[in-house]
Amino acid sequence: MMEISLRELAELVDGKVIGDPAAKVSGLGSLDDATEGQITFLSNPKLVDKVVKTRATAVILPKGVDSFGRNVIETANPYLAFAKVLTLFSASPKTPLGVMDGSFVSDSAVLGADVTVYPGAYIGENVTIGDRVTIHPGVVIYAQTVLGNDVTLHSNVSIRERCRIGNRVIIHNGAVIGSDGFGYVPDGKSYYKIPQVGIVVIEDDVEIGANTTIDRAALDVTLIKRGVKIDNLVQVAHNCVVGEDTAIAAQSGLSGSSIIGRNVTISGQVATAGHVKVGDNIVLAGRCGVTGDLDQPGVYSGVPPIPHKDWLKASVLFARLPEMKKTIAMLEKRLAALEKHESTGV
Amino acid sequence: MMEISLRELAELVDGKVIGDPAAKVSGLGSLDDATEGQITFLSNPKLVDKVVKTRATAVILPKGVDSFGRNVIETANPYLAFAKVLTLFSASPKTPLGVMDGSFVSDSAVLGADVTVYPGAYIGENVTIGDRVTIHPGVVIYAQTVLGNDVTLHSNVSIRERCRIGNRVIIHNGAVIGSDGFGYVPDGKSYYKIPQVGIVVIEDDVEIGANTTIDRAALDVTLIKRGVKIDNLVQVAHNCVVGEDTAIAAQSGLSGSSIIGRNVTISGQVATAGHVKVGDNIVLAGRCGVTGDLDQPGVYSGVPPIPHKDWLKASVLFARLPEMKKTIAMLEKRLAALEKHESTGV
Amino acid sequence: MMEISLRELAELVDGKVIGDPAAKVSGLGSLDDATEGQITFLSNPKLVDKVVKTRATAVILPKGVDSFGRNVIETANPYLAFAKVLTLFSASPKTPLGVMDGSFVSDSAVLGADVTVYPGAYIGENVTIGDRVTIHPGVVIYAQTVLGNDVTLHSNVSIRERCRIGNRVIIHNGAVIGSDGFGYVPDGKSYYKIPQVGIVVIEDDVEIGANTTIDRAALDVTLIKRGVKIDNLVQVAHNCVVGEDTAIAAQSGLSGSSIIGRNVTISGQVATAGHVKVGDNIVLAGRCGVTGDLDQPGVYSGVPPIPHKDWLKASVLFARLPEMKKTIAMLEKRLAALEKHESTGV
C-alpha cells in the first residue's frame, strides 16, 4: 500500500499543511468511515463538528475553517483536492497485456505500443489504434476507425466504420458510436433510407456513458469536442456538434443537427429539437425541451424553455389551475350581477 | 408434454375444484385461443360470457363467478394462479452445459456446481460464481465480482469489477452493472474526473431489464435491495438505494444518491433529482419528476409531484389556458367600465 | 470509382436532364462542398443562389427553378433523388465472407447462401437464417429464432429465442429483441414473475436503432409490421403492435399492449400508456404522452395529448401563470370594493 506524507499531498492539491507535514496516510475515507492512517475531507461546512470526531489521521479543509488541533491540509477547493487524492490512491499501475488469445485483430489493423486487447474483442480491417489503449472483451471496432492514445473502451462497446476517437477518451460499456442516423425520405409508398455515409469524430478527453448512442452523420461529421462528458443512455443524433467541456446527463437526447456550445450543462432527460442552437455556458435543467435557439447564458427549464426561476414560480401554480378557473367563473358571475344592478338599478 | 389434474393444479394455486378434479390439462391459453386439453383463466369479470364459449377443458375463476357447468378452479387471485400455472407449463428442465468451448474463464475464477458458460462469455480474475448459474454469450464479468446461486445473465450483459450479485437474480440482455458514476469537479479549466471506486450490490430475487444501466458508487455502494424489479433502459446513478420490492418501469432515471423506499412503484419515464428521498409504498405515475423528498404514501404525478387526482384535474385545464387568459382580460375590461361609471356616474 | 451519365441518373430518379445528358459524375456533395465531377442537389429553394456558384458538374433541382445554365436534373422530389443517387454512389459490393473462424454456429442451425458470420457471433440451436445475411461480431441469436433474407445484424445485437425477423431487416448495434416483458403479479409478499412465453415478430423492411429494446409478448406476439423504422434507445413493451410504415424517434417508449396504427409518426421521448390505441396517420410531437386512445388524424402534443397548435398557444402561457394569478387577485379586490360601494353607497 502506498504511503504518502501530508507535505507531498499538500503539494499535489495546491494546499497548505497545518499540523505535522511528515504524517503519513495511505488511503482516503469519508468523515464517518475513515480510519487511522487515512485522510478525509470536509466539503460541506455544516459538518464541521465531525472534524473533531473523525479517526482519520488528517483532514482536507477549506480555508478559514477551525482545524480543532487536527492535522489538516487547507485548500481553496477541498472537493477537487479530494478527487485528486482519491485518484492518487485508487490508481493501479496497468500492465499492458498485449493482444490476448481469443481476441480477433485484423491483419491490416495497426496497433500502438503497450495495448491490451482482451479475449472476445474484435478489431476490423485497417483500424489504427494508439499507444496504451485498453480494449475490453466484446468490444467491436469496424473497419478504418482510428483511436488515439490512452483510450479505454469498456466491454461490449461498438464503434462503427471510419470514426475517429481522440486521446484519453473513455467509453463505457455497451455504448455505440457511429450507428446510422435516423434518416429517411417518404417516397409516396413508404420510407426510402438515406445512406448515412458520414462519421463520428470524438476529440480528446471525452468520456461517454454506458449504453449511450452517438449516430454518424448523413454526409459529414457528428462532432463531440474536447472535454465533453456524456452520461448513460444519452442519444446524440446525426450531425450534432457538442462544444468543448459540455456535460450531458443521463437519458437526454439531442435531435439531428443540434449545435450545442461550450461549457453547457445539460441535465437529465432533456431534449433538443432538430437544428436548434444552444449557446455557450447555458444550463438546461432536468427535462427541459429546447424548441428553438437559446443564446443568452442562464438556467432554463420547461418546454419551451424559460428562465428556471420563472419556471419554478409557474410550475407550482399548475396544481392551482382548477382553483384559478373556479375563481374566474365566480368573478364573472359577481361582475354580471353588478352590471345588471348598474343598468337596471335592481 | 406434461399432463396434470385439476386437483393438483388447485393445490398449486391454493384454489378449489368445481367439476371434475380428475380432468387433466397440459397447457394454458387465453379464453379465446385455448383448446381442449388446456386450461384458461378469467381475470376480467366483464368477459364472463367467454367462459361459456371457451373450448378449454377448465377455467380458473375468481370466487363467486358462475361456473356455467364448466370445470373450474376457483381462487382468490386468478391472475396469480394463471402466472403459477404458466410457470409450471413453461418451465423447461435446464441441463447445465458446463464451461463451453469458446468462452474465456480466468484461471483464478471460482465456479459453483452445474453452471453453464456459453461461448463468447468472459469471466475475469478472481470472479466467484455460485451454483446453477447461466452465463449467456457475450456476457463480460470484470475481476473480483461475486455472483450468488441460480443467477441468469443474458447475452451481452456487462458487470464491472468488484460488484456483488445475490441469488436468483436475472439480468436481461445488454444491461450494464457497475459502470462509472457521472462524477466530475470543475477545476477552473475543464472537468476533473472523480474516480468511482465504490461498487454495486444487487440483493436476492432482483430482475433487471435489457440495456438498463446501474452505476457504481463514488466511494461506497449503489444498492438494489431484495425483490426489486427494474424494466428496460432505466438509469440508476451512483450511490442510489432502491428499497425492497420496488418496481421501476422503462426509461425512468434515478439521479445520484436518490433513496427510494420499499414497495414503491415507479412508472415509465419518471425522474428523480439528486439526493431526494421517496418513502415506502409511494406510486409515481408516468413521467413524474421528483424534485424534493416525498414521504406521504399516495399516487403522485407531475413536476413537482402533486397528488395524481389533482394532477388529472389540472392537466386538462392546461389546454384551456388561452381561454382563461381571454376571460381574465375581458373581466378586467368590464370591471374598468363599471369602475369608471361608478366614479363618474357616466 | 463509378462514373455515370446524367442521362442514366435522370432515369434512376425519374427526372429530366437540362443541359448535357452525356456529362458524367462520380460522386455526390453538398452545394458548398461538391467538386467538379460530382453532382449536388438543392432541396431548400432559399439557397438557389448557390446553384450559380457550386463547382459541381450537375445539380438536382426541383421543377420550375432557374437552372442558371448549369447541367441540371429536374425532378419532383430532389431530396428523394439525392437519397437515391447517394445510395448508388455509396453502395459497396458486399462479398460474403461465410462463417468465419471465431464465430460459434450451432450444429442444428440452418444457414442460407452467401451469409457472413463474423468472429464472436453466436448462433444458437435450430436457428434458421436466410440468404445474404450479415451477422456482425458479438451478435447473439438464441435458439429457434428465424431470420429472413438480406438481414443485417450489427455488432452486439441480441435476439432471444423463437423470434421471427423478416427480409431486409436492419438492426443496429446493441439492440435487444425478445427480452422478457415486464410482467409480475403481487402475491401478497412480493412480486411473482409471469413467464413471458410469447415472441417478437418483425416483418419485412423494418429498421431498428442502436440499443433499442423490444420485449417479447407474455403469451402471444409483440408485432412490428412491415416498413416500420425505429430510432435508438426506444422501448417497445410486451404485446405492442406497431403498424406498417410507422416511424418512432429516439427514446420513445410504448407501454404494454399499445396498439399503434399505420404511418404514424412518433417523435422523440414520447410515451404511451398501457393498452392505448393510436390511429393511422397520427403525428405525436416530441414528448407527447398518450394517456388514452387517439383516433382522429392530426398532430398532437402534451399530456394528455391535445392538437399541437392548441398546445403551442397554451404552452407559452404556462410562464405567465404567476401574472394571471396576480391579475385574478387584483380583479377580486377591485370587484369587492365595487360590491361594497354598491351595497353601502360608500
# chains A, B, ... in the order shown; residues from 1 in each chain; ligands from 1
call {"tool": "closest_atom_pairs", "arguments": {"of": "chain C", "to": "chain B", "cutoff": "7 Å", "atoms": "only C-alpha atoms", "output": "CSV"}}
result
residue,atom,partner,partner_atom,distance
C:Gly120,CA,B:Gly120,CA,6.3
C:Tyr122,CA,B:Pro137,CA,6.9
C:Gly138,CA,B:Gly138,CA,6.3
C:Val140,CA,B:Pro137,CA,6.6
C:Asn156,CA,B:Asn156,CA,6.7
C:Ser158,CA,B:Ser155,CA,6.6
C:Gly174,CA,B:Gly174,CA,6.9
C:Val176,CA,B:Asn173,CA,6.6
C:Ser179,CA,B:His172,CA,6.6
C:Phe182,CA,B:Asp231,CA,6.1
C:Val185,CA,B:Leu80,CA,5.8
C:Asp187,CA,B:Leu80,CA,6.8
C:Ser190,CA,B:Asp245,CA,5.9
C:Ile194,CA,B:Ala83,CA,4.9
C:Pro195,CA,B:Thr87,CA,5.9
C:Asn211,CA,B:Asn211,CA,6.7
C:Thr213,CA,B:Ala210,CA,6.7
C:Asp310,CA,B:Ala319,CA,6.7
C:Trp311,CA,B:Ala319,CA,6.5
C:Lys313,CA,B:Pro322,CA,6.7
C:Ala314,CA,B:Leu321,CA,5.5
C:Leu317,CA,B:Leu321,CA,6.6
C:Leu331,CA,B:Glu332,CA,6.7
call {"tool": "write_last_selection", "arguments": {"atoms": "N, CA, C and O atoms", "output": "short mmCIF file (atom, residue, chain, number, x, y, z; two decimals), in the first residue's frame"}}
result
data_model
loop_
_atom_site.label_atom_id
_atom_site.label_comp_id
_atom_site.auth_asym_id
_atom_site.auth_seq_id
_atom_site.Cartn_x
_atom_site.Cartn_y
_atom_site.Cartn_z
N GLY C 120 -16.85 -14.03 -33.15
CA GLY C 120 -17.50 -13.53 -31.94
C GLY C 120 -19.02 -13.53 -32.01
O GLY C 120 -19.68 -13.17 -31.04
N TYR C 122 -22.65 -15.51 -32.19
CA TYR C 122 -23.15 -16.78 -31.65
C TYR C 122 -24.52 -17.07 -32.24
O TYR C 122 -25.43 -16.25 -32.14
N GLY C 138 -20.16 -10.30 -32.03
CA GLY C 138 -20.87 -10.06 -30.78
C GLY C 138 -22.37 -10.21 -30.86
O GLY C 138 -23.07 -10.04 -29.85
N VAL C 140 -25.75 -12.16 -30.76
CA VAL C 140 -26.15 -13.42 -30.13
C VAL C 140 -27.59 -13.73 -30.54
O VAL C 140 -28.49 -12.93 -30.30
N ASN C 156 -23.13 -6.83 -31.42
CA ASN C 156 -23.68 -6.87 -30.07
C ASN C 156 -25.21 -6.80 -30.00
O ASN C 156 -25.77 -6.52 -28.94
N SER C 158 -28.70 -8.61 -29.60
CA SER C 158 -29.19 -9.87 -29.04
C SER C 158 -30.60 -10.14 -29.56
O SER C 158 -31.46 -9.26 -29.48
N GLY C 174 -26.25 -3.27 -30.55
CA GLY C 174 -26.68 -3.31 -29.16
C GLY C 174 -28.17 -3.44 -28.94
O GLY C 174 -28.61 -3.51 -27.79
N VAL C 176 -31.85 -5.05 -28.54
CA VAL C 176 -32.27 -6.30 -27.93
C VAL C 176 -33.69 -6.62 -28.38
O VAL C 176 -34.61 -5.82 -28.18
N SER C 179 -36.43 -9.69 -25.29
CA SER C 179 -36.22 -9.78 -23.84
C SER C 179 -37.59 -9.93 -23.16
O SER C 179 -38.63 -9.61 -23.73
N PHE C 182 -42.15 -6.95 -18.92
CA PHE C 182 -42.09 -6.57 -17.50
C PHE C 182 -43.43 -6.94 -16.87
O PHE C 182 -44.33 -6.11 -16.76
N VAL C 185 -47.11 -10.40 -10.86
CA VAL C 185 -48.33 -10.30 -10.06
C VAL C 185 -47.93 -10.16 -8.60
O VAL C 185 -47.13 -10.96 -8.12
N ASP C 187 -48.06 -10.98 -4.98
CA ASP C 187 -48.56 -12.21 -4.36
C ASP C 187 -48.74 -12.04 -2.85
O ASP C 187 -48.83 -13.03 -2.12
N SER C 190 -44.48 -10.25 -2.21
CA SER C 190 -43.56 -9.61 -3.13
C SER C 190 -44.17 -9.71 -4.52
O SER C 190 -45.38 -9.65 -4.67
N ILE C 194 -44.46 -13.37 -14.05
CA ILE C 194 -45.27 -14.04 -15.08
C ILE C 194 -44.32 -14.45 -16.20
O ILE C 194 -43.69 -13.60 -16.82
N PRO C 195 -44.21 -15.76 -16.46
CA PRO C 195 -43.33 -16.18 -17.54
C PRO C 195 -43.72 -15.47 -18.83
O PRO C 195 -44.91 -15.33 -19.13
N ASN C 211 -29.26 0.06 -29.44
CA ASN C 211 -29.63 -0.08 -28.04
C ASN C 211 -31.13 0.06 -27.78
O ASN C 211 -31.55 0.30 -26.64
N THR C 213 -34.85 -1.59 -27.32
CA THR C 213 -35.29 -2.86 -26.73
C THR C 213 -36.73 -3.15 -27.11
O THR C 213 -37.60 -2.29 -26.98
N ASP C 310 -53.01 23.97 -30.55
CA ASP C 310 -53.55 24.43 -29.26
C ASP C 310 -52.46 24.36 -28.17
O ASP C 310 -52.37 25.24 -27.32
N TRP C 311 -51.68 23.30 -28.25
CA TRP C 311 -50.61 23.14 -27.26
C TRP C 311 -49.61 24.29 -27.34
O TRP C 311 -49.14 24.80 -26.33
N LYS C 313 -50.16 27.34 -28.22
CA LYS C 313 -50.74 28.53 -27.59
C LYS C 313 -50.73 28.41 -26.06
O LYS C 313 -50.43 29.36 -25.34
N ALA C 314 -51.09 27.22 -25.57
CA ALA C 314 -51.17 27.03 -24.12
C ALA C 314 -49.78 27.04 -23.49
O ALA C 314 -49.57 27.60 -22.42
N LEU C 317 -48.31 30.23 -22.43
CA LEU C 317 -48.99 30.87 -21.29
C LEU C 317 -48.56 30.27 -19.95
O LEU C 317 -48.77 30.89 -18.90
N LEU C 331 -58.32 41.64 -9.59
CA LEU C 331 -59.71 41.80 -10.02
C LEU C 331 -60.67 41.53 -8.86
O LEU C 331 -61.67 42.23 -8.68
#
call {"tool": "residues_around", "arguments": {"residues": "C:Ala56", "least_positions_apart": "3", "cutoff": "12 Å", "atoms": "only C-alpha atoms", "output": "ChimeraX atom specification"}}
result
/C:23-42,50-53,59-60,70-72
call {"tool": "residues_around", "arguments": {"residues": "B:Leu111", "least_positions_apart": "5", "cutoff": "12 Å", "atoms": "only C-alpha atoms", "output": "JSON list (two decimals) with all heavy atoms, in the first residue's frame"}}
result
[["chain", "number", "residue", "atom", "x", "y", "z"],
["B", 98, "GLY", "N", -22.02, -26.68, -18.52],
["B", 98, "GLY", "CA", -20.63, -26.50, -18.13],
["B", 98, "GLY", "C", -19.99, -25.30, -18.80],
["B", 98, "GLY", "O", -20.67, -24.43, -19.35],
["B", 99, "VAL", "N", -18.68, -25.25, -18.73],
["B", 99, "VAL", "CA", -17.94, -24.16, -19.35],
["B", 99, "VAL", "C", -17.67, -24.58, -20.80],
["B", 99, "VAL", "O", -16.88, -25.48, -21.07],
["B", 99, "VAL", "CB", -16.62, -23.91, -18.61],
["B", 99, "VAL", "CG1", -15.80, -22.85, -19.34],
["B", 99, "VAL", "CG2", -16.90, -23.47, -17.18],
["B", 105, "VAL", "N", -12.67, -18.19, -19.25],
["B", 105, "VAL", "CA", -12.80, -18.15, -17.80],
["B", 105, "VAL", "C", -11.40, -18.04, -17.20],
["B", 105, "VAL", "O", -10.55, -18.90, -17.41],
["B", 105, "VAL", "CB", -13.50, -19.42, -17.27],
["B", 105, "VAL", "CG1", -13.60, -19.37, -15.74],
["B", 105, "VAL", "CG2", -14.89, -19.56, -17.89],
["B", 106, "SER", "N", -11.18, -16.97, -16.46],
["B", 106, "SER", "CA", -9.87, -16.75, -15.84],
["B", 106, "SER", "C", -9.51, -17.91, -14.91],
["B", 106, "SER", "O", -10.38, -18.48, -14.25],
["B", 106, "SER", "CB", -9.93, -15.45, -15.05],
["B", 106, "SER", "OG", -8.84, -15.38, -14.17],
["B", 116, "THR", "N", -23.55, -23.01, -16.44],
["B", 116, "THR", "CA", -23.44, -23.00, -17.89],
["B", 116, "THR", "C", -22.76, -21.70, -18.30],
["B", 116, "THR", "O", -23.25, -20.62, -17.95],
["B", 116, "THR", "CB", -24.82, -23.07, -18.57],
["B", 116, "THR", "OG1", -25.44, -24.32, -18.21],
["B", 116, "THR", "CG2", -24.70, -23.00, -20.08],
["B", 117, "VAL", "N", -21.65, -21.83, -18.99],
["B", 117, "VAL", "CA", -20.97, -20.64, -19.50],
["B", 117, "VAL", "C", -20.86, -20.80, -21.02],
["B", 117, "VAL", "O", -20.15, -21.67, -21.52],
["B", 117, "VAL", "CB", -19.57, -20.47, -18.89],
["B", 117, "VAL", "CG1", -18.90, -19.20, -19.43],
["B", 117, "VAL", "CG2", -19.65, -20.40, -17.37],
["B", 123, "ILE", "N", -15.14, -14.29, -18.17],
["B", 123, "ILE", "CA", -15.17, -14.24, -16.70],
["B", 123, "ILE", "C", -13.78, -13.90, -16.20],
["B", 123, "ILE", "O", -12.83, -14.67, -16.39],
["B", 123, "ILE", "CB", -15.67, -15.58, -16.13],
["B", 123, "ILE", "CG1", -17.11, -15.83, -16.64],
["B", 123, "ILE", "CG2", -15.63, -15.58, -14.61],
["B", 123, "ILE", "CD1", -17.70, -17.15, -16.23],
["B", 124, "GLY", "N", -13.65, -12.73, -15.58],
["B", 124, "GLY", "CA", -12.34, -12.18, -15.24],
["B", 124, "GLY", "C", -11.72, -12.76, -13.99],
["B", 124, "GLY", "O", -12.25, -13.70, -13.37],
["B", 125, "GLU", "N", -10.63, -12.16, -13.59],
["B", 125, "GLU", "CA", -9.83, -12.69, -12.49],
["B", 125, "GLU", "C", -10.55, -12.60, -11.15],
["B", 125, "GLU", "O", -11.20, -11.61, -10.82],
["B", 125, "GLU", "CB", -8.50, -11.92, -12.40],
["B", 125, "GLU", "CG", -7.63, -12.21, -13.60],
["B", 125, "GLU", "CD", -6.26, -11.58, -13.49],
["B", 125, "GLU", "OE1", -5.91, -11.09, -12.40],
["B", 125, "GLU", "OE2", -5.53, -11.59, -14.51],
["B", 126, "ASN", "N", -10.42, -13.71, -10.41],
["B", 126, "ASN", "CA", -10.95, -13.77, -9.04],
["B", 126, "ASN", "C", -12.45, -13.54, -8.96],
["B", 126, "ASN", "O", -12.97, -13.14, -7.92],
["B", 126, "ASN", "CB", -10.23, -12.75, -8.15],
["B", 126, "ASN", "CG", -8.75, -13.07, -8.06],
["B", 126, "ASN", "OD1", -8.36, -14.16, -7.68],
["B", 126, "ASN", "ND2", -7.91, -12.11, -8.46],
["B", 127, "VAL", "N", -13.14, -13.80, -10.06],
["B", 127, "VAL", "CA", -14.61, -13.78, -10.02],
["B", 127, "VAL", "C", -15.08, -15.03, -9.30],
["B", 127, "VAL", "O", -14.49, -16.10, -9.45],
["B", 127, "VAL", "CB", -15.18, -13.71, -11.44],
["B", 127, "VAL", "CG1", -16.68, -14.03, -11.47],
["B", 127, "VAL", "CG2", -14.90, -12.35, -12.06],
["B", 128, "THR", "N", -16.16, -14.88, -8.49],
["B", 128, "THR", "CA", -16.75, -16.05, -7.83],
["B", 128, "THR", "C", -18.19, -16.21, -8.31],
["B", 128, "THR", "O", -18.95, -15.24, -8.29],
["B", 128, "THR", "CB", -16.74, -15.85, -6.30],
["B", 128, "THR", "OG1", -15.40, -15.65, -5.88],
["B", 128, "THR", "CG2", -17.31, -17.08, -5.59],
["B", 129, "ILE", "N", -18.53, -17.41, -8.71],
["B", 129, "ILE", "CA", -19.85, -17.67, -9.27],
["B", 129, "ILE", "C", -20.47, -18.85, -8.55],
["B", 129, "ILE", "O", -19.82, -19.87, -8.35],
["B", 129, "ILE", "CB", -19.71, -17.94, -10.79],
["B", 129, "ILE", "CG1", -19.34, -16.64, -11.49],
["B", 129, "ILE", "CG2", -20.98, -18.55, -11.36],
["B", 129, "ILE", "CD1", -19.22, -16.74, -12.98],
["B", 130, "GLY", "N", -21.76, -18.70, -8.16],
["B", 130, "GLY", "CA", -22.44, -19.75, -7.39],
["B", 130, "GLY", "C", -22.89, -20.93, -8.23],
["B", 130, "GLY", "O", -22.46, -21.11, -9.37],
["B", 131, "ASP", "N", -23.81, -21.70, -7.67],
["B", 131, "ASP", "CA", -24.31, -22.90, -8.34],
["B", 131, "ASP", "C", -25.45, -22.55, -9.30],
["B", 131, "ASP", "O", -26.19, -21.60, -9.09],
["B", 131, "ASP", "CB", -24.85, -23.89, -7.30],
["B", 131, "ASP", "CG", -23.75, -24.33, -6.31],
["B", 131, "ASP", "OD1", -22.55, -24.22, -6.66],
["B", 131, "ASP", "OD2", -24.12, -24.77, -5.21],
["B", 132, "ARG", "N", -25.56, -23.42, -10.30],
["B", 132, "ARG", "CA", -26.68, -23.32, -11.25],
["B", 132, "ARG", "C", -26.80, -21.93, -11.89],
["B", 132, "ARG", "O", -27.90, -21.42, -12.11],
["B", 132, "ARG", "CB", -28.00, -23.70, -10.56],
["B", 132, "ARG", "CG", -28.06, -25.17, -10.10],
["B", 132, "ARG", "CD", -29.27, -25.42, -9.25],
["B", 132, "ARG", "NE", -29.33, -24.50, -8.12],
["B", 132, "ARG", "CZ", -28.64, -24.65, -6.98],
["B", 132, "ARG", "NH1", -27.85, -25.69, -6.81],
["B", 132, "ARG", "NH2", -28.74, -23.75, -6.02],
["B", 133, "VAL", "N", -25.68, -21.32, -12.15],
["B", 133, "VAL", "CA", -25.67, -20.01, -12.80],
["B", 133, "VAL", "C", -25.55, -20.19, -14.31],
["B", 133, "VAL", "O", -24.83, -21.07, -14.77],
["B", 133, "VAL", "CB", -24.49, -19.17, -12.26],
["B", 133, "VAL", "CG1", -24.23, -17.95, -13.12],
["B", 133, "VAL", "CG2", -24.78, -18.76, -10.81],
["B", 134, "THR", "N", -26.30, -19.37, -15.08],
["B", 134, "THR", "CA", -26.23, -19.41, -16.53],
["B", 134, "THR", "C", -25.67, -18.10, -17.06],
["B", 134, "THR", "O", -26.21, -17.03, -16.79],
["B", 134, "THR", "CB", -27.62, -19.65, -17.15],
["B", 134, "THR", "OG1", -28.16, -20.87, -16.61],
["B", 134, "THR", "CG2", -27.53, -19.78, -18.67],
["B", 135, "ILE", "N", -24.57, -18.21, -17.79],
["B", 135, "ILE", "CA", -23.90, -17.03, -18.34],
["B", 135, "ILE", "C", -23.99, -17.13, -19.86],
["B", 135, "ILE", "O", -23.32, -17.95, -20.49],
["B", 135, "ILE", "CB", -22.40, -17.02, -17.94],
["B", 135, "ILE", "CG1", -22.21, -17.29, -16.45],
["B", 135, "ILE", "CG2", -21.72, -15.75, -18.40],
["B", 135, "ILE", "CD1", -22.33, -16.11, -15.57],
["B", 145, "THR", "N", -15.72, -9.75, -9.12],
["B", 145, "THR", "CA", -17.17, -9.71, -8.92],
["B", 145, "THR", "C", -17.66, -11.05, -8.39],
["B", 145, "THR", "O", -17.09, -12.09, -8.67],
["B", 145, "THR", "CB", -17.86, -9.29, -10.24],
["B", 145, "THR", "OG1", -17.74, -7.87, -10.35],
["B", 145, "THR", "CG2", -19.33, -9.70, -10.30],
["B", 146, "VAL", "N", -18.73, -10.99, -7.57],
["B", 146, "VAL", "CA", -19.26, -12.19, -6.95],
["B", 146, "VAL", "C", -20.73, -12.37, -7.35],
["B", 146, "VAL", "O", -21.52, -11.45, -7.22],
["B", 146, "VAL", "CB", -19.16, -12.09, -5.41],
["B", 146, "VAL", "CG1", -19.80, -13.31, -4.74],
["B", 146, "VAL", "CG2", -17.71, -11.94, -4.98],
["B", 147, "LEU", "N", -21.06, -13.56, -7.84],
["B", 147, "LEU", "CA", -22.44, -13.89, -8.19],
["B", 147, "LEU", "C", -22.94, -15.01, -7.28],
["B", 147, "LEU", "O", -22.21, -15.98, -7.03],
["B", 147, "LEU", "CB", -22.52, -14.43, -9.62],
["B", 147, "LEU", "CG", -22.75, -13.45, -10.76],
["B", 147, "LEU", "CD1", -21.62, -12.47, -10.89],
["B", 147, "LEU", "CD2", -22.94, -14.20, -12.10],
["B", 148, "GLY", "N", -24.21, -14.89, -6.82],
["B", 148, "GLY", "CA", -24.80, -15.93, -5.99],
["B", 148, "GLY", "C", -25.22, -17.15, -6.79],
["B", 148, "GLY", "O", -24.73, -17.39, -7.90],
["B", 149, "ASN", "N", -26.18, -17.90, -6.25],
["B", 149, "ASN", "CA", -26.70, -19.09, -6.91],
["B", 149, "ASN", "C", -27.88, -18.74, -7.83],
["B", 149, "ASN", "O", -28.58, -17.76, -7.59],
["B", 149, "ASN", "CB", -27.20, -20.10, -5.87],
["B", 149, "ASN", "CG", -26.07, -20.58, -4.97],
["B", 149, "ASN", "OD1", -24.94, -20.79, -5.43],
["B", 149, "ASN", "ND2", -26.37, -20.74, -3.68]]
call {"tool": "atom_distance", "arguments": {"atom1": "atom CA of A:Thr272", "atom2": "atom CA of A:Ser252"}}
result
8.6 Å
call {"tool": "select_by_dssp", "arguments": {"residues": "stretch 167-198 of chain C", "states": "strand (DSSP E or B)", "output": "ChimeraX atom specification"}}
result
/C:170-171,176-179,184-186,191-193
call {"tool": "atom_distance", "arguments": {"atom1": "atom CA of C:Leu9", "atom2": "atom CA of C:Asp49"}}
result
23.5 Å
call {"tool": "closest_residue", "arguments": {"among": "C:Arg160, C:Arg168, C:Lys63, C:Arg262", "to": "C:Gln196", "atoms": "only C-alpha atoms"}}
result
C:Arg160
call {"tool": "atom_distance", "arguments": {"atom1": "atom CA of B:Arg334", "atom2": "atom CA of C:Ser343"}}
result
19.0 Å
